[in-house]
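**Q** Structure file upload_19.cif (mmCIF, C-alpha atoms and all ligand atoms) is given on the next line.
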data_final
#
loop_
_atom_site.group_PDB
_atom_site.id
_atom_site.type_symbol
_atom_site.label_atom_id
_atom_site.label_comp_id
_atom_site.auth_asym_id
_atom_site.auth_seq_id
_atom_site.Cartn_x
_atom_site.Cartn_y
_atom_site.Cartn_z
ATOM 1 C CA SER O 1 76.025 110.868 110.478
ATOM 2 C CA ALA O 2 74.424 114.292 110.615
ATOM 3 C CA SER O 3 77.585 115.997 109.402
ATOM 4 C CA GLY O 4 76.778 115.932 105.708
ATOM 5 C CA GLU O 5 79.616 113.462 105.258
ATOM 6 C CA GLU O 6 77.263 111.138 103.396
ATOM 7 C CA GLN O 7 77.292 113.377 100.322
ATOM 8 C CA TYR O 8 79.971 112.581 97.750
ATOM 9 C CA ASP O 9 80.536 112.335 94.006
ATOM 10 C CA PHE O 10 83.086 109.514 94.090
ATOM 11 C CA ILE O 11 84.180 106.959 96.632
ATOM 12 C CA TRP O 12 87.625 105.513 96.167
ATOM 13 C CA LYS O 13 89.371 102.749 98.056
ATOM 14 C CA ILE O 14 92.976 103.398 99.011
ATOM 15 C CA VAL O 15 95.160 100.802 100.723
ATOM 16 C CA LEU O 16 98.057 101.405 103.083
ATOM 17 C CA VAL O 17 100.927 98.957 102.838
ATOM 18 C CA GLY O 18 104.403 98.680 104.304
ATOM 19 C CA ASP O 19 106.197 96.972 107.154
ATOM 20 C CA SER O 20 104.678 96.817 110.592
ATOM 21 C CA GLY O 21 105.624 99.919 112.589
ATOM 22 C CA VAL O 22 106.117 102.384 109.706
ATOM 23 C CA GLY O 23 103.075 104.380 110.844
ATOM 24 C CA LYS O 24 100.181 103.224 108.683
ATOM 25 C CA THR O 25 97.607 103.278 111.462
ATOM 26 C CA ASN O 26 98.713 106.691 112.671
ATOM 27 C CA LEU O 27 98.797 108.206 109.190
ATOM 28 C CA LEU O 28 95.221 106.990 108.800
ATOM 29 C CA SER O 29 94.085 108.342 112.180
ATOM 30 C CA ARG O 30 95.875 111.652 111.600
ATOM 31 C CA PHE O 31 94.159 112.085 108.236
ATOM 32 C CA THR O 32 90.673 110.912 109.173
ATOM 33 C CA ARG O 33 90.372 111.977 112.842
ATOM 34 C CA ASN O 34 93.365 114.280 113.420
ATOM 35 C CA GLU O 35 94.572 111.871 116.093
ATOM 36 C CA PHE O 36 97.982 110.406 116.858
ATOM 37 C CA ASN O 37 98.742 107.556 119.262
ATOM 38 C CA ILE O 38 102.257 107.305 120.645
ATOM 39 C CA GLU O 39 101.754 103.752 121.874
ATOM 40 C CA SER O 40 101.926 100.707 119.697
ATOM 41 C CA LYS O 41 98.519 99.827 118.528
ATOM 42 C CA SER O 42 96.059 97.082 119.001
ATOM 43 C CA THR O 43 94.082 97.784 115.871
ATOM 44 C CA ILE O 44 93.108 94.249 115.017
ATOM 45 C CA GLY O 45 89.607 94.580 113.672
ATOM 46 C CA VAL O 46 89.714 98.173 112.394
ATOM 47 C CA GLU O 47 89.397 97.858 108.672
ATOM 48 C CA PHE O 48 89.031 101.294 107.166
ATOM 49 C CA ALA O 49 88.225 104.932 107.824
ATOM 50 C CA THR O 50 86.979 107.632 105.483
ATOM 51 C CA ARG O 51 87.409 111.326 104.850
ATOM 52 C CA ASN O 52 85.959 113.520 102.135
ATOM 53 C CA LEU O 53 88.159 115.929 100.177
ATOM 54 C CA GLN O 54 87.319 118.382 97.436
ATOM 55 C CA ILE O 55 89.190 117.458 94.264
ATOM 56 C CA LYS O 56 88.685 119.578 91.159
ATOM 57 C CA GLY O 57 85.280 120.742 92.393
ATOM 58 C CA LYS O 58 84.040 117.244 93.220
ATOM 59 C CA THR O 59 83.581 115.668 96.628
ATOM 60 C CA VAL O 60 85.718 112.578 96.823
ATOM 61 C CA ARG O 61 85.348 110.175 99.704
ATOM 62 C CA ALA O 62 88.640 108.440 100.382
ATOM 63 C CA GLN O 63 87.977 105.055 101.967
ATOM 64 C CA ILE O 64 91.357 104.158 103.404
ATOM 65 C CA TRP O 65 92.168 100.623 104.452
ATOM 66 C CA ASP O 66 94.678 99.709 107.104
ATOM 67 C CA THR O 67 96.139 96.213 107.344
ATOM 68 C CA ALA O 68 95.027 95.927 110.981
ATOM 69 C CA GLY O 69 98.287 94.204 111.874
ATOM 70 C CA GLN O 70 97.936 91.425 109.312
ATOM 71 C CA GLU O 71 101.248 92.391 107.676
ATOM 72 C CA ARG O 72 103.035 90.921 110.687
ATOM 73 C CA TYR O 73 101.780 87.503 109.704
ATOM 74 C CA ARG O 74 102.102 87.922 105.922
ATOM 75 C CA ALA O 75 98.392 87.216 105.867
ATOM 76 C CA ILE O 76 97.263 90.077 103.654
ATOM 77 C CA THR O 77 94.811 88.574 101.275
ATOM 78 C CA SER O 78 93.690 89.701 97.860
ATOM 79 C CA VAL O 79 90.439 90.938 99.464
ATOM 80 C CA TYR O 80 92.486 93.734 100.988
ATOM 81 C CA TYR O 81 93.595 94.977 97.572
ATOM 82 C CA ARG O 82 90.333 94.315 95.746
ATOM 83 C CA GLY O 83 88.819 97.450 94.239
ATOM 84 C CA ALA O 84 91.658 99.714 95.377
ATOM 85 C CA VAL O 85 92.339 102.594 92.990
ATOM 86 C CA GLY O 86 95.295 103.901 94.993
ATOM 87 C CA ALA O 87 97.966 102.787 97.427
ATOM 88 C CA LEU O 88 100.320 104.494 99.834
ATOM 89 C CA VAL O 89 103.397 102.311 100.103
ATOM 90 C CA MET O 90 105.079 103.367 103.315
ATOM 91 C CA TYR O 91 108.470 103.122 104.959
ATOM 92 C CA ASP O 92 109.963 104.656 108.082
ATOM 93 C CA ILE O 93 112.792 107.118 107.270
ATOM 94 C CA THR O 94 114.619 105.938 110.420
ATOM 95 C CA LYS O 95 114.533 102.232 109.421
ATOM 96 C CA THR O 96 116.573 101.191 106.367
ATOM 97 C CA MET O 97 114.994 97.740 106.460
ATOM 98 C CA SER O 98 111.535 99.204 105.961
ATOM 99 C CA PHE O 99 112.895 100.983 102.869
ATOM 100 C CA ALA O 100 114.649 97.834 101.615
ATOM 101 C CA ASN O 101 111.365 95.947 101.973
ATOM 102 C CA LEU O 102 109.497 98.318 99.624
ATOM 103 C CA GLY O 103 110.293 96.018 96.701
ATOM 104 C CA LYS O 104 108.387 93.214 98.397
ATOM 105 C CA TRP O 105 105.356 95.468 98.912
ATOM 106 C CA LEU O 106 105.477 96.744 95.347
ATOM 107 C CA ASP O 107 105.647 93.150 94.054
ATOM 108 C CA GLU O 108 102.614 92.301 96.147
ATOM 109 C CA LEU O 109 100.723 95.304 94.804
ATOM 110 C CA ARG O 110 101.569 94.376 91.236
ATOM 111 C CA GLU O 111 100.323 90.868 91.922
ATOM 112 C CA HIS O 112 97.050 91.756 93.640
ATOM 113 C CA ALA O 113 96.058 95.344 92.866
ATOM 114 C CA ASP O 114 94.436 96.826 89.792
ATOM 115 C CA PRO O 115 97.164 97.641 87.224
ATOM 116 C CA HIS O 116 95.731 101.180 86.962
ATOM 117 C CA ALA O 117 95.952 101.849 90.700
ATOM 118 C CA CYS O 118 97.894 105.019 91.524
ATOM 119 C CA ILE O 119 100.856 104.382 93.791
ATOM 120 C CA MET O 120 102.644 106.826 96.062
ATOM 121 C CA ILE O 121 105.795 105.988 98.006
ATOM 122 C CA VAL O 122 105.666 107.601 101.445
ATOM 123 C CA GLY O 123 108.595 108.048 103.822
ATOM 124 C CA ASN O 124 107.047 108.628 107.253
ATOM 125 C CA LYS O 125 108.393 109.973 110.602
ATOM 126 C CA THR O 126 110.209 113.074 109.286
ATOM 127 C CA ASP O 127 109.916 114.571 112.771
ATOM 128 C CA LEU O 128 112.680 112.144 113.866
ATOM 129 C CA LYS O 129 115.356 114.224 112.092
ATOM 130 C CA HIS O 130 118.234 113.042 114.282
ATOM 131 C CA LEU O 131 117.419 109.388 113.521
ATOM 132 C CA ARG O 132 117.062 109.695 109.756
ATOM 133 C CA ALA O 133 118.603 106.695 107.971
ATOM 134 C CA VAL O 134 117.048 107.060 104.490
ATOM 135 C CA GLU O 135 117.619 110.316 102.604
ATOM 136 C CA ALA O 136 114.654 111.889 100.855
ATOM 137 C CA GLU O 137 116.571 111.604 97.577
ATOM 138 C CA GLU O 138 116.727 107.812 97.931
ATOM 139 C CA GLY O 139 112.971 107.628 98.289
ATOM 140 C CA ARG O 140 112.410 110.046 95.461
ATOM 141 C CA ALA O 141 114.795 108.138 93.160
ATOM 142 C CA LEU O 142 113.045 104.837 93.834
ATOM 143 C CA ALA O 143 109.663 106.398 93.120
ATOM 144 C CA GLU O 144 110.881 108.033 89.906
ATOM 145 C CA ARG O 145 112.333 104.745 88.679
ATOM 146 C CA HIS O 146 108.841 103.235 88.850
ATOM 147 C CA LYS O 147 107.030 106.450 87.820
ATOM 148 C CA TYR O 148 105.266 106.578 91.186
ATOM 149 C CA SER O 149 104.778 109.742 93.159
ATOM 150 C CA PHE O 150 106.650 110.395 96.387
ATOM 151 C CA MET O 151 106.219 112.297 99.635
ATOM 152 C CA GLU O 152 107.699 112.422 103.090
ATOM 153 C CA THR O 153 105.266 112.763 105.990
ATOM 154 C CA SER O 154 105.022 112.901 109.735
ATOM 155 C CA ALA O 155 101.886 111.459 111.266
ATOM 156 C CA LEU O 156 103.154 112.822 114.584
ATOM 157 C CA ASP O 157 103.385 116.516 113.677
ATOM 158 C CA ALA O 158 100.968 116.228 110.710
ATOM 159 C CA THR O 159 103.505 117.410 108.101
ATOM 160 C CA ASN O 160 102.311 116.585 104.561
ATOM 161 C CA VAL O 161 99.600 114.180 105.707
ATOM 162 C CA VAL O 162 96.651 115.890 104.024
ATOM 163 C CA GLU O 163 98.955 116.817 101.135
ATOM 164 C CA ALA O 164 99.916 113.170 100.525
ATOM 165 C CA PHE O 165 96.299 112.010 100.348
ATOM 166 C CA ASN O 166 95.309 115.049 98.324
ATOM 167 C CA ASN O 167 98.080 114.457 95.753
ATOM 168 C CA LEU O 168 97.173 110.783 95.472
ATOM 169 C CA LEU O 169 93.495 111.635 94.980
ATOM 170 C CA VAL O 170 94.385 114.148 92.254
ATOM 171 C CA ASP O 171 96.366 111.381 90.492
ATOM 172 C CA ILE O 172 93.426 108.980 90.895
ATOM 173 C CA PHE O 173 91.032 111.632 89.586
ATOM 174 C CA LYS O 174 93.057 111.897 86.368
ATOM 175 C CA ILE O 175 92.728 108.138 85.818
ATOM 176 C CA GLN O 176 89.192 107.484 87.055
ATOM 177 C CA VAL O 177 87.222 110.546 85.935
HETATM 178 P P1 LIG O 201 101.831 100.500 111.606
HETATM 179 O O1 LIG O 201 102.243 99.221 112.263
HETATM 180 O O2 LIG O 201 102.486 100.667 110.256
HETATM 181 O O3 LIG O 201 100.346 100.718 111.552
HETATM 182 O O4 LIG O 201 102.455 101.688 112.513
HETATM 183 P P2 LIG O 201 101.769 102.518 113.704
HETATM 184 O O5 LIG O 201 100.898 103.595 113.173
HETATM 185 O O6 LIG O 201 101.163 101.567 114.672
HETATM 186 O O7 LIG O 201 103.062 103.222 114.336
HETATM 187 C C1 LIG O 201 104.115 102.448 114.900
HETATM 188 C C2 LIG O 201 104.826 103.309 115.950
HETATM 189 O O8 LIG O 201 105.428 104.433 115.310
HETATM 190 C C3 LIG O 201 103.887 103.854 117.018
HETATM 191 O O9 LIG O 201 104.587 103.888 118.243
HETATM 192 C C4 LIG O 201 103.599 105.274 116.548
HETATM 193 O O10 LIG O 201 103.326 106.147 117.618
HETATM 194 C C5 LIG O 201 104.912 105.632 115.843
HETATM 195 N N1 LIG O 201 104.727 106.596 114.749
HETATM 196 C C6 LIG O 201 103.855 106.525 113.705
HETATM 197 N N2 LIG O 201 103.991 107.573 112.898
HETATM 198 C C7 LIG O 201 104.971 108.356 113.430
HETATM 199 C C8 LIG O 201 105.575 109.593 113.047
HETATM 200 O O11 LIG O 201 105.256 110.230 112.035
HETATM 201 N N3 LIG O 201 106.567 110.072 113.867
HETATM 202 C C9 LIG O 201 106.977 109.399 114.981
HETATM 203 N N4 LIG O 201 107.948 109.954 115.712
HETATM 204 N N5 LIG O 201 106.425 108.231 115.359
HETATM 205 C C10 LIG O 201 105.437 107.713 114.594
#
How does the structure come out when it is put into structure tokens?

**A**
Amino acid sequence: SASGEEQYDFIWKIVLVGDSGVGKTNLLSRFTRNEFNIESKSTIGVEFATRNLQIKGKTVRAQIWDTAGQERYRAITSVYYRGAVGALVMYDITKTMSFANLGKWLDELREHADPHACIMIVGNKTDLKHLRAVEAEEGRALAERHKYSFMETSALDATNVVEAFNNLLVDIFKIQV
């Protein structure tokens, strides 16, 4: 592009994981294009999107991979995780099952991802206050137990979206640089 986006010091792959419907695609589109789509997606085929952030004076290009719906079919292959230095492991704060399933996603990450990958647990959809089913403290406690970081986000109203990626990239910076 002509935007200067091609200049960067580091390029890091980050994967989004979590149950179908937790908001992975919309977190990605909010962060990389400032877009939100209220309808369910048809993102089969979209593999990743990028955005550059300044981290400790360096330009870091986050290359963020979405499962493109494969999680519905338990068909996520090791190619998806290959080379990832970070992961956002997402649940929907209005869906206890998506929180209960985090263990499955963390097991999968431990099996396929680099052992040094930085992991952040993300509770999404904080705008749906009246439907909250998982308290922030539950998410935070789970993350602390595993020494992962934790944030709550809303892809809809953009709360903490840039902050979540920024915090993860700072963690990755400490490991990779
Ligand atoms: P994915 O299957 O994990 O990629 O989830 P999607 O990004 O496709 O989102 C699933 C549904 O939840 C869609 O209808 C989105 O519009 C909606 N959604 C995603 N993020 C949010 C959010 O932060 N707040 C609300 N209210 N809805 C969201």

**Q** Please extract the residues at most 10 Å from ligand LIG 201 (chain O), counting only C-alpha atoms and all ligand atoms, and provide them as number ranges by chain, using the chain letters and residue numbers of this document.

**A** O: 16-30, 36-43, 66-72, 90-94, 123-129, 131, 152-159, 161

**Q** Please write the residues picked by the PyMOL selection byres (((chain O and resi 106) around 10) and not hetatm) on this file as number ranges by chain.

**A** O: 17-18, 87, 89, 101-105, 107-113, 119, 121, 146

**Q** Can you tell me how far atom CA of Tyr8 of chain O sits from atom CA of Gly86 of chain O, in Å to one decimal?

**A** 17.8 Å

**Q** How far is it from atom CA of Glu135 of chain O to atom CA of Phe99 of chain O, in Å with one decimal?

**A**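 Between atom CA of Glu135 of chain O and atom CA of Phe99 of chain O the gap is 10.5 Å.
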
**Q** As an exercise, work out the distance from atom CA of Cys118 of chain O to atom CA of Asp171 of chain O in Å and give it to one decimal place.

**A** 6.6 Å

**Q** Please determine the residues with any atom at most 9 Å from (95.7, 111.5, 103.0) (coordinates as given in the file, with all atoms listed in the file counting) and report them as number ranges by chain.

**A** O: 27-28, 30-32, 51, 62, 64, 88, 160-169

**Q** Point out the residue among O:Val170, O:Ile175, O:Ile76, O:Val15 with the least atom-to-atom distance to Val60 of chain O, counting all atoms listed in the file.

**A**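 Closest candidate: O:Val170.
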
**Q** For Lys174 of chain O, which residue out of O:Ala100, O:Val85, O:Asn52, O:Met151 is the nearest one, using all atoms listed in the file?

**A**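 Of the candidates, the smallest distance to Lys174 of chain O is held by O:Val85.
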
**Q** Would you mind writing segment 124-146 of chain O with N, CA and C atoms, as a short mmCIF file (atom, residue, chain, number, x, y, z; two decimals), in the coordinates of the input?

**A**
data_model
loop_
_atom_site.label_atom_id
_atom_site.label_comp_id
_atom_site.auth_asym_id
_atom_site.auth_seq_id
_atom_site.Cartn_x
_atom_site.Cartn_y
_atom_site.Cartn_z
N ASN O 124 107.70 108.03 106.08
CA ASN O 124 107.05 108.63 107.25
C ASN O 124 108.05 108.83 108.41
N LYS O 125 107.65 109.65 109.36
CA LYS O 125 108.39 109.97 110.60
C LYS O 125 109.48 111.03 110.40
N THR O 126 109.21 112.02 109.52
CA THR O 126 110.21 113.07 109.29
C THR O 126 110.49 113.92 110.52
N ASP O 127 109.63 113.84 111.52
CA ASP O 127 109.92 114.57 112.77
C ASP O 127 111.15 114.02 113.48
N LEU O 128 111.51 112.76 113.20
CA LEU O 128 112.68 112.14 113.87
C LEU O 128 113.96 112.47 113.08
N LYS O 129 114.25 113.76 112.96
CA LYS O 129 115.36 114.22 112.09
C LYS O 129 116.69 113.61 112.48
N HIS O 130 116.95 113.54 113.79
CA HIS O 130 118.23 113.04 114.28
C HIS O 130 118.42 111.54 114.05
N LEU O 131 117.34 110.84 113.73
CA LEU O 131 117.42 109.39 113.52
C LEU O 131 117.31 109.00 112.05
N ARG O 132 117.26 110.00 111.17
CA ARG O 132 117.06 109.70 109.76
C ARG O 132 118.14 108.74 109.24
N ALA O 133 117.68 107.68 108.54
CA ALA O 133 118.60 106.70 107.97
C ALA O 133 118.43 106.57 106.46
N VAL O 134 117.31 107.10 105.93
CA VAL O 134 117.05 107.06 104.49
C VAL O 134 116.87 108.49 104.03
N GLU O 135 117.72 108.94 103.12
CA GLU O 135 117.62 110.32 102.60
C GLU O 135 116.39 110.45 101.71
N ALA O 136 115.83 111.64 101.70
CA ALA O 136 114.65 111.89 100.86
C ALA O 136 114.97 111.55 99.39
N GLU O 137 116.21 111.85 98.98
CA GLU O 137 116.57 111.60 97.58
C GLU O 137 116.52 110.12 97.22
N GLU O 138 116.81 109.26 98.19
CA GLU O 138 116.73 107.81 97.93
C GLU O 138 115.28 107.40 97.68
N GLY O 139 114.39 107.93 98.47
CA GLY O 139 112.97 107.63 98.29
C GLY O 139 112.46 108.17 96.97
N ARG O 140 112.85 109.41 96.70
CA ARG O 140 112.41 110.05 95.46
C ARG O 140 112.93 109.29 94.24
N ALA O 141 114.19 108.86 94.29
CA ALA O 141 114.80 108.14 93.16
C ALA O 141 114.08 106.81 92.91
N LEU O 142 113.77 106.11 93.98
CA LEU O 142 113.04 104.84 93.83
C LEU O 142 111.69 105.08 93.18
N ALA O 143 110.99 106.09 93.67
CA ALA O 143 109.66 106.40 93.12
C ALA O 143 109.76 106.77 91.63
N GLU O 144 110.74 107.60 91.31
CA GLU O 144 110.88 108.03 89.91
C GLU O 144 111.18 106.86 88.99
N ARG O 145 111.99 105.93 89.48
CA ARG O 145 112.33 104.74 88.68
C ARG O 145 111.07 103.99 88.27
N HIS O 146 110.08 103.97 89.14
CA HIS O 146 108.84 103.24 88.85
C HIS O 146 107.73 104.16 88.34
#
